[in-house]
$ cat query_36.cif   # mmCIF, C-alpha atoms and all ligand atoms
data_work
loop_
_atom_site.label_atom_id
_atom_site.label_comp_id
_atom_site.auth_asym_id
_atom_site.auth_seq_id
_atom_site.Cartn_x
_atom_site.Cartn_y
_atom_site.Cartn_z
CA MET A 1 0.00 0.00 0.00
CA SER A 2 1.31 3.49 -0.81
CA GLY A 3 0.46 6.35 1.51
CA ALA A 4 1.40 9.25 -0.73
CA ASP A 5 -0.97 12.20 -0.41
CA THR A 6 -2.81 12.95 -3.66
CA SER A 7 -1.94 16.66 -3.36
CA GLY A 8 1.77 15.86 -3.32
CA ARG A 9 2.12 17.27 0.19
CA ALA A 10 4.18 15.14 2.59
CA VAL A 11 2.08 13.26 5.14
CA VAL A 12 3.31 13.36 8.72
CA VAL A 13 2.43 10.58 11.16
CA ALA A 14 3.46 11.38 14.75
CA ILE A 15 3.67 8.65 17.39
CA ASP A 16 4.47 9.08 21.09
CA GLY A 17 4.36 6.69 23.98
CA PRO A 18 6.14 5.23 27.00
CA ALA A 19 9.17 2.92 26.91
CA GLY A 20 8.53 -0.46 25.35
CA SER A 21 5.16 0.51 23.91
CA GLY A 22 6.41 -0.48 20.45
CA LYS A 23 7.01 3.01 19.08
CA SER A 24 10.15 2.30 17.07
CA SER A 25 9.29 -1.19 15.80
CA VAL A 26 5.66 -0.33 15.03
CA ALA A 27 6.48 3.10 13.55
CA ARG A 28 9.14 1.56 11.29
CA ALA A 29 6.68 -1.08 10.07
CA VAL A 30 4.01 1.57 9.46
CA ALA A 31 6.52 3.62 7.48
CA ARG A 32 7.48 0.59 5.39
CA GLU A 33 3.83 -0.20 4.73
CA LEU A 34 3.08 3.36 3.63
CA GLY A 35 6.33 3.83 1.71
CA PHE A 36 7.28 6.66 4.07
CA GLN A 37 10.48 7.71 5.79
CA PHE A 38 10.99 6.88 9.46
CA LEU A 39 12.38 9.17 12.17
CA ASP A 40 13.37 7.62 15.50
CA THR A 41 13.91 10.76 17.60
CA GLY A 42 15.14 8.83 20.63
CA ALA A 43 18.22 7.91 18.58
CA ALA A 44 19.42 11.54 18.75
CA TYR A 45 19.13 11.60 22.56
CA ARG A 46 20.86 8.23 22.69
CA ALA A 47 23.71 9.34 20.39
CA LEU A 48 24.43 12.38 22.58
CA THR A 49 24.37 10.09 25.63
CA TRP A 50 26.83 7.72 23.94
CA LEU A 51 29.20 10.61 23.22
CA ILE A 52 29.06 12.00 26.76
CA LEU A 53 29.74 8.58 28.30
CA GLU A 54 32.49 7.90 25.74
CA GLN A 55 34.19 11.10 26.89
CA GLY A 56 33.87 10.07 30.53
CA GLY A 57 31.10 12.59 31.24
CA ASP A 58 27.95 12.38 33.33
CA THR A 59 24.58 12.97 31.65
CA ASP A 60 23.14 14.18 34.97
CA ASP A 61 25.51 17.15 34.82
CA GLU A 62 23.70 19.85 32.84
CA PRO A 63 26.82 21.84 31.82
CA THR A 64 28.29 18.61 30.42
CA VAL A 65 25.16 17.96 28.38
CA ILE A 66 25.09 21.55 27.13
CA GLY A 67 28.78 21.30 26.27
CA SER A 68 28.07 18.26 24.08
CA LEU A 69 25.46 19.95 21.92
CA GLY A 70 27.98 21.24 19.37
CA ALA A 71 28.43 17.60 18.37
CA LEU A 72 24.91 17.61 16.96
CA ASP A 73 26.42 19.20 13.83
CA SER A 74 28.09 15.83 13.21
CA LEU A 75 25.00 13.74 13.96
CA GLU A 76 23.96 11.52 11.08
CA LEU A 77 20.44 10.18 11.43
CA THR A 78 19.13 8.40 8.38
CA VAL A 79 15.38 8.18 7.80
CA ASP A 80 15.31 4.99 5.75
CA ALA A 81 12.56 2.73 7.10
CA ALA A 82 14.52 -0.28 5.81
CA GLY A 83 17.38 0.34 8.23
CA GLN A 84 18.36 3.35 10.25
CA ARG A 85 22.00 4.40 10.65
CA VAL A 86 23.10 6.66 13.48
CA ALA A 87 26.57 8.20 13.67
CA ILE A 88 28.10 10.99 15.74
CA GLN A 89 31.53 12.55 15.33
CA GLY A 90 32.22 9.93 12.69
CA HIS A 91 31.45 6.96 14.97
CA ASP A 92 28.75 4.58 13.80
CA VAL A 93 26.72 4.09 16.99
CA THR A 94 23.70 2.40 15.41
CA GLU A 95 24.05 -0.68 17.61
CA ASP A 96 25.83 0.77 20.65
CA ILE A 97 23.07 3.26 21.47
CA ARG A 98 20.61 0.41 22.10
CA THR A 99 22.39 -0.95 25.17
CA GLU A 100 20.95 -0.75 28.69
CA ARG A 101 23.97 1.42 29.63
CA ILE A 102 22.72 4.11 27.27
CA SER A 103 19.05 3.62 28.24
CA GLY A 104 20.05 4.09 31.88
CA ALA A 105 21.78 7.42 31.25
CA VAL A 106 19.70 8.98 28.45
CA SER A 107 17.12 10.68 30.68
CA GLY A 108 19.76 13.16 31.88
CA VAL A 109 20.11 14.42 28.31
CA ALA A 110 16.33 14.46 27.86
CA ARG A 111 15.91 16.59 31.00
CA THR A 112 18.17 19.33 29.62
CA ALA A 113 15.98 21.97 27.98
CA ALA A 114 18.76 23.22 25.69
CA ALA A 115 19.30 19.67 24.40
CA ARG A 116 15.59 19.27 23.66
CA GLU A 117 15.51 22.56 21.77
CA ALA A 118 18.61 21.67 19.75
CA VAL A 119 17.42 18.22 18.69
CA ASN A 120 13.94 19.53 17.93
CA VAL A 121 15.41 21.97 15.39
CA ARG A 122 16.96 18.96 13.63
CA PHE A 123 13.75 16.92 13.81
CA ARG A 124 11.60 19.72 12.40
CA ALA A 125 14.03 20.21 9.50
CA ILE A 126 13.93 16.48 8.72
CA ILE A 127 10.14 16.43 8.86
CA ALA A 128 9.88 19.56 6.68
CA ALA A 129 12.06 17.91 4.01
CA ALA A 130 10.24 14.56 4.08
CA ALA A 131 8.81 12.99 0.94
CA PRO A 132 6.36 11.45 0.29
CA GLY A 133 5.70 11.22 4.03
CA ILE A 134 7.33 10.43 7.34
CA VAL A 135 6.49 8.52 10.49
CA ALA A 136 8.21 10.21 13.46
CA GLU A 137 8.20 8.67 16.91
CA GLY A 138 9.29 9.72 20.38
CA ARG A 139 7.85 11.32 23.49
CA ASP A 140 6.82 14.80 22.35
CA ILE A 141 6.22 14.48 18.62
CA THR A 142 2.44 14.86 18.83
CA THR A 143 2.71 17.81 21.21
CA VAL A 144 5.95 19.76 20.63
CA VAL A 145 7.87 18.63 17.55
CA ALA A 146 4.97 18.21 15.10
CA PRO A 147 1.71 19.20 16.81
CA ASP A 148 0.19 19.83 13.35
CA ALA A 149 0.95 16.31 12.10
CA ASP A 150 -1.74 14.76 9.91
CA VAL A 151 -2.00 11.71 12.17
CA ARG A 152 -1.19 11.89 15.89
CA VAL A 153 -1.07 8.71 17.92
CA LEU A 154 -0.34 7.87 21.53
CA LEU A 155 0.82 4.26 21.39
CA THR A 156 0.53 2.54 24.71
CA ALA A 157 0.23 -0.84 26.44
CA ASP A 158 -0.09 -1.93 30.05
CA GLU A 159 3.22 -1.67 31.86
CA ALA A 160 3.37 -5.42 32.59
CA VAL A 161 2.97 -6.17 28.88
CA ARG A 162 5.63 -3.63 27.93
CA VAL A 163 8.03 -5.12 30.47
CA ARG A 164 7.35 -8.63 29.15
CA ARG A 165 8.02 -7.53 25.57
CA ARG A 166 11.20 -5.68 26.53
CA PHE A 167 12.35 -8.68 28.60
CA GLY A 168 11.82 -10.79 25.47
CA ASP A 169 14.25 -8.46 23.66
CA VAL A 170 16.99 -8.04 26.25
CA GLY A 171 16.64 -11.06 28.57
CA GLY A 172 18.36 -10.98 31.98
CA ASP A 173 16.35 -10.45 35.15
CA GLU A 174 12.73 -9.55 34.37
CA LEU A 175 12.32 -7.65 37.65
CA GLN A 176 15.33 -5.49 36.85
CA VAL A 177 14.11 -4.93 33.29
CA GLY A 178 10.78 -3.77 34.72
CA ALA A 179 12.41 -1.51 37.30
CA ARG A 180 14.61 0.15 34.67
CA LEU A 181 11.69 0.68 32.30
CA ALA A 182 9.52 2.18 35.05
CA ALA A 183 12.36 4.42 36.26
CA ARG A 184 12.97 5.77 32.74
CA ASP A 185 9.26 6.50 32.23
CA ALA A 186 9.06 8.22 35.62
CA SER A 187 12.05 10.42 34.81
CA ASP A 188 11.02 11.15 31.21
CA SER A 189 7.42 11.96 32.12
CA ARG A 190 8.59 14.76 34.38
CA VAL A 191 9.73 16.57 31.25
CA VAL A 192 7.04 15.77 28.68
CA ASP A 193 3.63 14.15 28.99
CA PHE A 194 3.46 10.99 26.90
CA LEU A 195 1.13 9.14 29.26
CA ASN A 196 -1.98 11.18 28.48
CA ALA A 197 -3.23 11.94 24.99
CA ALA A 198 -3.33 15.63 24.11
CA ASP A 199 -6.41 16.99 22.30
CA GLY A 200 -6.77 15.43 18.86
CA VAL A 201 -4.38 12.56 19.61
CA THR A 202 -5.72 9.02 19.06
CA VAL A 203 -4.81 6.40 21.65
CA VAL A 204 -3.78 3.02 20.24
CA ASP A 205 -3.56 0.56 23.13
CA SER A 206 -1.68 -2.54 21.96
CA THR A 207 -2.06 -4.47 25.22
CA HIS A 208 -4.33 -7.02 23.55
CA LEU A 209 -3.21 -6.49 19.94
CA THR A 210 -0.64 -8.46 17.99
CA PHE A 211 2.21 -6.56 16.39
CA ASP A 212 0.54 -6.71 12.96
CA GLU A 213 -2.81 -5.57 14.38
CA THR A 214 -1.07 -2.58 15.96
CA VAL A 215 0.61 -1.64 12.70
CA ASP A 216 -2.70 -2.04 10.83
CA ALA A 217 -4.51 0.22 13.31
CA ILE A 218 -2.09 3.08 12.63
CA VAL A 219 -1.95 2.49 8.87
CA ARG A 220 -5.76 2.67 8.88
CA LEU A 221 -5.69 6.01 10.71
CA ALA A 222 -3.24 7.35 8.13
CA SER A 223 -5.36 6.07 5.24
CA GLU A 224 -8.53 7.59 6.72
CA GLU A 225 -6.78 10.92 7.13
CA GLN A 226 -5.72 10.98 3.48
CA HIS A 227 -9.23 10.23 2.26
CA ASP A 228 -10.92 12.94 4.34
N1 LIG B 301 1.46 -5.24 19.62
C1 LIG B 301 2.59 -5.89 19.90
N2 LIG B 301 2.55 -7.19 20.17
C2 LIG B 301 3.65 -7.85 20.49
N3 LIG B 301 4.89 -7.30 20.57
C3 LIG B 301 4.99 -6.02 20.29
C4 LIG B 301 3.85 -5.24 19.95
N4 LIG B 301 4.27 -3.97 19.74
C5 LIG B 301 5.60 -3.97 19.96
N5 LIG B 301 6.04 -5.19 20.28
C6 LIG B 301 7.41 -5.59 20.62
O1 LIG B 301 7.72 -4.90 21.84
C7 LIG B 301 9.11 -4.69 21.91
C8 LIG B 301 9.38 -3.25 22.28
O2 LIG B 301 9.09 -2.45 21.15
P1 LIG B 301 9.96 -1.18 20.77
O3 LIG B 301 11.41 -1.38 21.08
O4 LIG B 301 9.58 -0.80 19.39
O5 LIG B 301 9.38 -0.13 21.82
P2 LIG B 301 9.70 1.40 22.03
O6 LIG B 301 8.43 2.04 22.43
O7 LIG B 301 10.40 1.96 20.85
O8 LIG B 301 10.68 1.34 23.27
P3 LIG B 301 11.75 2.40 23.78
O9 LIG B 301 11.03 3.69 23.95
O10 LIG B 301 12.20 1.85 25.08
O11 LIG B 301 12.83 2.47 22.75
C9 LIG B 301 9.68 -5.13 20.55
O12 LIG B 301 10.17 -6.44 20.68
C10 LIG B 301 8.46 -5.13 19.65
O13 LIG B 301 8.59 -6.03 18.57
N1 LIG B 302 10.99 12.67 21.50
C1 LIG B 302 11.79 12.11 22.43
C2 LIG B 302 12.46 10.92 22.18
C3 LIG B 302 13.26 10.40 23.14
N2 LIG B 302 13.44 11.05 24.30
C4 LIG B 302 14.40 10.58 25.31
O1 LIG B 302 15.29 9.63 24.70
C5 LIG B 302 15.21 8.39 25.38
C6 LIG B 302 15.40 7.26 24.42
O2 LIG B 302 14.27 7.18 23.58
P1 LIG B 302 13.81 5.79 22.94
O3 LIG B 302 12.50 6.10 22.28
O4 LIG B 302 14.88 5.40 21.99
O5 LIG B 302 13.69 4.81 24.05
C7 LIG B 302 13.90 8.41 26.15
O6 LIG B 302 13.94 7.59 27.30
C8 LIG B 302 13.79 9.88 26.52
O7 LIG B 302 14.62 10.15 27.63
C9 LIG B 302 12.77 12.21 24.54
O8 LIG B 302 12.89 12.81 25.64
N3 LIG B 302 11.94 12.73 23.60
#
$ encode --input "query_36.cif" --output "structure tokens"
Amino acid sequence: MSGADTSGRAVVVAIDGPAGSGKSSVARAVARELGFQFLDTGAAYRALTWLILEQGGDTDDEPTVIGSLGALDSLELTVDAAGQRVAIQGHDVTEDIRTERISGAVSGVARTAAAREAVNVRFRAIIAAAAPGIVAEGRDITTVVAPDADVRVLLTADEAVRVRRRFGDVGGDELQVGARLAARDASDSRVVDFLNAADGVTVVDSTHLTFDETVDAIVRLASEEQHD
């Protein structure tokens, strides 16, 4: 199925939600289905975190985070739904930014207002240049980055289900996986609200949906929007 808008205007699908709700995997699949680009905004926060840790810094130290923002000029963030590549200062960090070490430190970057503003400038430029459309996911896409998106979705699932899915990905101790996921949500939700749908945002609760059903639900919303 192709999702190109008949007017030639790029279609923007914005997806927010808590950790483990399926944002990146579902958003990527939606983008593939629609023939759109895919923007994983968390990757930018993770790449900055990787750099700060690599340099021996502490992401809880605001001046350190602010000092790292110049490196955003070197950030490479591809928007290919077939496979995203992330690099910073010439280092390919596509795989390394997915580790629990980065997940455990990323909220410090996310709490820094100057970091949010800097990455948002990049995200808005990417979205503005998208063709024929883009699926962008994160925590504040529906509310801050692209509040005028054609389709705005809050993707959620019960915490126990999200923990079980994440545990299936990373293994280890399920209790610890759950504690880390809950701690990240608690910290992140002090900065932006991705637990409650803003006006005009459609909630897709995947607790009782399969992966494919979740993708279909969002593809349907995008298709409905284009036929309005
Ligand atoms: N409806 C679903 N049914 C079953 N598994 C799902 C469903 N949606 C997502 N998943 C799986 O849940 C796991 C977590 O998804 P994903 O990593 O995309 O979440 P996320 O919201 O991007 O998390 P984070 O914010 O922590 O990066 C993946 O293994 C994904 O395949
Ligand atoms: N729009 C966003 C996206 C992400 N964050 C922060 O980055 C972390 C990693 O995001 P993932 O989606 O890759 O898990 C996330 O925990 C937030 O701290 C954000 O603040 N806003």
$ axis_aligned_box --input "query_36.cif" --around "ligand LIG 302 (chain B)" --padding-each-side "5 Å" --output "JSON"
{"center_x": 13.2, "center_y": 8.8, "center_z": 24.6, "size_x": 14.4, "size_y": 18.0, "size_z": 16.1}
$ closest_atom_pairs --input "query_36.cif" --of "chain A" --to "ligand LIG 301 (chain B)" --cutoff "7 Å" --atoms "only C-alpha atoms and all ligand atoms" --output "tab-separated table"
residue	atom	partner	partner_atom	distance
A:Gly17	CA	B:LIG301	O6	6.4
A:Pro18	CA	B:LIG301	O9	6.0
A:Ala19	CA	B:LIG301	O9	3.6
A:Gly20	CA	B:LIG301	O8	3.5
A:Ser21	CA	B:LIG301	O6	3.9
A:Gly22	CA	B:LIG301	O5	3.3
A:Lys23	CA	B:LIG301	O6	3.8
A:Ser24	CA	B:LIG301	O7	3.8
A:Ser25	CA	B:LIG301	O4	3.6
A:Val26	CA	B:LIG301	O4	5.9
A:Arg162	CA	B:LIG301	O1	6.6
A:Arg165	CA	B:LIG301	O1	4.6
A:Arg166	CA	B:LIG301	C7	5.2
A:Gly168	CA	B:LIG301	O12	6.7
A:Asp169	CA	B:LIG301	O12	5.4
A:Ser206	CA	B:LIG301	N1	4.8
A:Thr207	CA	B:LIG301	N1	6.7
A:Leu209	CA	B:LIG301	N1	4.8
A:Thr210	CA	B:LIG301	N2	4.1
A:Phe211	CA	B:LIG301	N1	3.6
A:Asp212	CA	B:LIG301	N1	6.9
A:Glu213	CA	B:LIG301	N1	6.8
A:Thr214	CA	B:LIG301	N1	5.2
$ write_last_selection --input "query_36.cif" --atoms "C-alpha atoms" --output "PDB file, in the coordinates of the input"
ATOM      1  CA  GLY A  17       4.360   6.690  23.980  1.00  0.00           C
ATOM      2  CA  PRO A  18       6.140   5.230  27.000  1.00  0.00           C
ATOM      3  CA  ALA A  19       9.170   2.920  26.910  1.00  0.00           C
ATOM      4  CA  GLY A  20       8.530  -0.460  25.350  1.00  0.00           C
ATOM      5  CA  SER A  21       5.160   0.510  23.910  1.00  0.00           C
ATOM      6  CA  GLY A  22       6.410  -0.480  20.450  1.00  0.00           C
ATOM      7  CA  LYS A  23       7.010   3.010  19.080  1.00  0.00           C
ATOM      8  CA  SER A  24      10.150   2.300  17.070  1.00  0.00           C
ATOM      9  CA  SER A  25       9.290  -1.190  15.800  1.00  0.00           C
ATOM     10  CA  VAL A  26       5.660  -0.330  15.030  1.00  0.00           C
ATOM     11  CA  ARG A 162       5.630  -3.630  27.930  1.00  0.00           C
ATOM     12  CA  ARG A 165       8.020  -7.530  25.570  1.00  0.00           C
ATOM     13  CA  ARG A 166      11.200  -5.680  26.530  1.00  0.00           C
ATOM     14  CA  GLY A 168      11.820 -10.790  25.470  1.00  0.00           C
ATOM     15  CA  ASP A 169      14.250  -8.460  23.660  1.00  0.00           C
ATOM     16  CA  SER A 206      -1.680  -2.540  21.960  1.00  0.00           C
ATOM     17  CA  THR A 207      -2.060  -4.470  25.220  1.00  0.00           C
ATOM     18  CA  LEU A 209      -3.210  -6.490  19.940  1.00  0.00           C
ATOM     19  CA  THR A 210      -0.640  -8.460  17.990  1.00  0.00           C
ATOM     20  CA  PHE A 211       2.210  -6.560  16.390  1.00  0.00           C
ATOM     21  CA  ASP A 212       0.540  -6.710  12.960  1.00  0.00           C
ATOM     22  CA  GLU A 213      -2.810  -5.570  14.380  1.00  0.00           C
ATOM     23  CA  THR A 214      -1.070  -2.580  15.960  1.00  0.00           C
TER      24      THR A 214
END
$ closest_residue --input "query_36.cif" --among "A:Val65, A:Ala183, A:Ala217, A:Ala136" --to "Phe36 (chain A)" --atoms "only C-alpha atoms"
A:Ala136
$ closest_residue --input "query_36.cif" --among "A:Leu175, A:Ala47, A:Ala130, A:Ala149" --to "ligand LIG 302 (chain B)" --atoms "only C-alpha atoms and all ligand atoms"
A:Ala47
$ residues_near_ligand --input "query_36.cif" --ligand "ligand LIG 302 (chain B)" --cutoff "6 Å" --atoms "all atoms listed in the file" --output "ChimeraX atom specification"
/A:19,41-43,45-46,106-107,110,138-141,184,188
$ residues_near_point --input "query_36.cif" --point "(-1.4, 9.6, 13.0)" --cutoff "6 Å" --atoms "only C-alpha atoms" --output "PyMOL selection string"
chain A and resi 13-14+151-153+222
$ write_last_selection --input "query_36.cif" --atoms "C-alpha atoms" --output "mmCIF file, keeping the file's coordinate frame"
data_model
loop_
_atom_site.group_PDB
_atom_site.id
_atom_site.type_symbol
_atom_site.label_atom_id
_atom_site.label_comp_id
_atom_site.auth_asym_id
_atom_site.auth_seq_id
_atom_site.Cartn_x
_atom_site.Cartn_y
_atom_site.Cartn_z
ATOM 1 C CA VAL A 13 2.430 10.580 11.160
ATOM 2 C CA ALA A 14 3.460 11.380 14.750
ATOM 3 C CA VAL A 151 -2.000 11.710 12.170
ATOM 4 C CA ARG A 152 -1.190 11.890 15.890
ATOM 5 C CA VAL A 153 -1.070 8.710 17.920
ATOM 6 C CA ALA A 222 -3.240 7.350 8.130
#
$ atom_distance --input "query_36.cif" --atom1 "CA of Glu225 (chain A)" --atom2 "CA of Asp150 (chain A)"
6.9 Å
$ closest_residue --input "query_36.cif" --among "A:Ile88, A:Ser74, A:Ala157, A:Leu69" --to "Ala118 (chain A)" --atoms "only C-alpha atoms"
A:Leu69
$ atom_distance --input "query_36.cif" --atom1 "CA of Ala113 (chain A)" --atom2 "CA of Ala179 (chain A)"
25.5 Å
$ closest_residue --input "query_36.cif" --among "A:Val119, A:Leu48, A:Asp216, A:Arg124" --to "Val93 (chain A)" --atoms "all atoms listed in the file"
A:Leu48
$ atom_distance --input "query_36.cif" --atom1 "CA of Gly90 (chain A)" --atom2 "CA of Thr49 (chain A)"
15.1 Å
$ closest_residue --input "query_36.cif" --among "A:Leu39, A:Val161, A:Ala87, A:Leu154" --to "Val201 (chain A)" --atoms "all atoms listed in the file"
A:Leu154
$ closest_residue --input "query_36.cif" --among "A:Ala10, A:Val203, A:Ile52, A:Ala44" --to "Arg98 (chain A)" --atoms "all atoms listed in the file"
A:Ala44
$ residues_around --input "query_36.cif" --residues "Val135 (chain A)" --least-positions-apart "4" --cutoff "9 Å" --atoms "all atoms listed in the file" --output "list in words"
Val11, Val12, Val13, Ala14, Ile15, Ala27, Arg28, Val30, Ala31, Phe36, Gln37, Phe38, Leu39, Asp40 and Ile127 of chain A
$ build_atoms --input "query_36.cif" --residues "region 55-68 of chain A" --atoms "N, CA, C and O atoms" --output "PDB file, in the frame of the given file"
ATOM      1  N   GLN A  55      33.192  10.102  26.479  1.00  0.00           N
ATOM      2  CA  GLN A  55      34.190  11.100  26.890  1.00  0.00           C
ATOM      3  C   GLN A  55      34.352  11.149  28.416  1.00  0.00           C
ATOM      4  O   GLN A  55      34.951  12.062  28.957  1.00  0.00           O
ATOM      5  N   GLY A  56      33.719  10.165  29.079  1.00  0.00           N
ATOM      6  CA  GLY A  56      33.870  10.070  30.530  1.00  0.00           C
ATOM      7  C   GLY A  56      32.968  11.028  31.287  1.00  0.00           C
ATOM      8  O   GLY A  56      33.156  11.257  32.490  1.00  0.00           O
ATOM      9  N   GLY A  57      31.986  11.606  30.607  1.00  0.00           N
ATOM     10  CA  GLY A  57      31.100  12.590  31.240  1.00  0.00           C
ATOM     11  C   GLY A  57      29.897  11.941  31.925  1.00  0.00           C
ATOM     12  O   GLY A  57      29.683  10.728  31.843  1.00  0.00           O
ATOM     13  N   ASP A  58      29.114  12.821  32.563  1.00  0.00           N
ATOM     14  CA  ASP A  58      27.950  12.380  33.330  1.00  0.00           C
ATOM     15  C   ASP A  58      26.725  13.102  32.745  1.00  0.00           C
ATOM     16  O   ASP A  58      26.682  14.337  32.737  1.00  0.00           O
ATOM     17  N   THR A  59      25.746  12.343  32.282  1.00  0.00           N
ATOM     18  CA  THR A  59      24.580  12.970  31.650  1.00  0.00           C
ATOM     19  C   THR A  59      23.686  13.697  32.664  1.00  0.00           C
ATOM     20  O   THR A  59      22.804  14.459  32.267  1.00  0.00           O
ATOM     21  N   ASP A  60      23.923  13.451  33.963  1.00  0.00           N
ATOM     22  CA  ASP A  60      23.140  14.180  34.970  1.00  0.00           C
ATOM     23  C   ASP A  60      23.712  15.577  35.227  1.00  0.00           C
ATOM     24  O   ASP A  60      23.125  16.367  35.973  1.00  0.00           O
ATOM     25  N   ASP A  61      24.867  15.847  34.629  1.00  0.00           N
ATOM     26  CA  ASP A  61      25.510  17.150  34.820  1.00  0.00           C
ATOM     27  C   ASP A  61      25.124  18.066  33.650  1.00  0.00           C
ATOM     28  O   ASP A  61      25.594  17.888  32.518  1.00  0.00           O
ATOM     29  N   GLU A  62      24.251  19.033  33.931  1.00  0.00           N
ATOM     30  CA  GLU A  62      23.700  19.850  32.840  1.00  0.00           C
ATOM     31  C   GLU A  62      24.779  20.558  32.011  1.00  0.00           C
ATOM     32  O   GLU A  62      24.705  20.544  30.767  1.00  0.00           O
ATOM     33  N   PRO A  63      25.793  21.193  32.646  1.00  0.00           N
ATOM     34  CA  PRO A  63      26.820  21.840  31.820  1.00  0.00           C
ATOM     35  C   PRO A  63      27.516  20.859  30.868  1.00  0.00           C
ATOM     36  O   PRO A  63      27.871  21.219  29.745  1.00  0.00           O
ATOM     37  N   THR A  64      27.674  19.617  31.300  1.00  0.00           N
ATOM     38  CA  THR A  64      28.290  18.610  30.420  1.00  0.00           C
ATOM     39  C   THR A  64      27.390  18.352  29.216  1.00  0.00           C
ATOM     40  O   THR A  64      27.852  18.281  28.068  1.00  0.00           O
ATOM     41  N   VAL A  65      26.092  18.223  29.486  1.00  0.00           N
ATOM     42  CA  VAL A  65      25.160  17.960  28.380  1.00  0.00           C
ATOM     43  C   VAL A  65      25.167  19.153  27.420  1.00  0.00           C
ATOM     44  O   VAL A  65      25.276  18.990  26.194  1.00  0.00           O
ATOM     45  N   ILE A  66      25.103  20.353  27.986  1.00  0.00           N
ATOM     46  CA  ILE A  66      25.090  21.550  27.130  1.00  0.00           C
ATOM     47  C   ILE A  66      26.392  21.633  26.319  1.00  0.00           C
ATOM     48  O   ILE A  66      26.373  21.934  25.128  1.00  0.00           O
ATOM     49  N   GLY A  67      27.489  21.270  26.960  1.00  0.00           N
ATOM     50  CA  GLY A  67      28.780  21.300  26.270  1.00  0.00           C
ATOM     51  C   GLY A  67      28.869  20.303  25.118  1.00  0.00           C
ATOM     52  O   GLY A  67      29.704  20.443  24.226  1.00  0.00           O
ATOM     53  N   SER A  68      28.011  19.300  25.142  1.00  0.00           N
ATOM     54  CA  SER A  68      28.070  18.260  24.080  1.00  0.00           C
ATOM     55  C   SER A  68      27.244  18.647  22.854  1.00  0.00           C
ATOM     56  O   SER A  68      27.329  17.978  21.816  1.00  0.00           O
TER      57      SER A  68
END
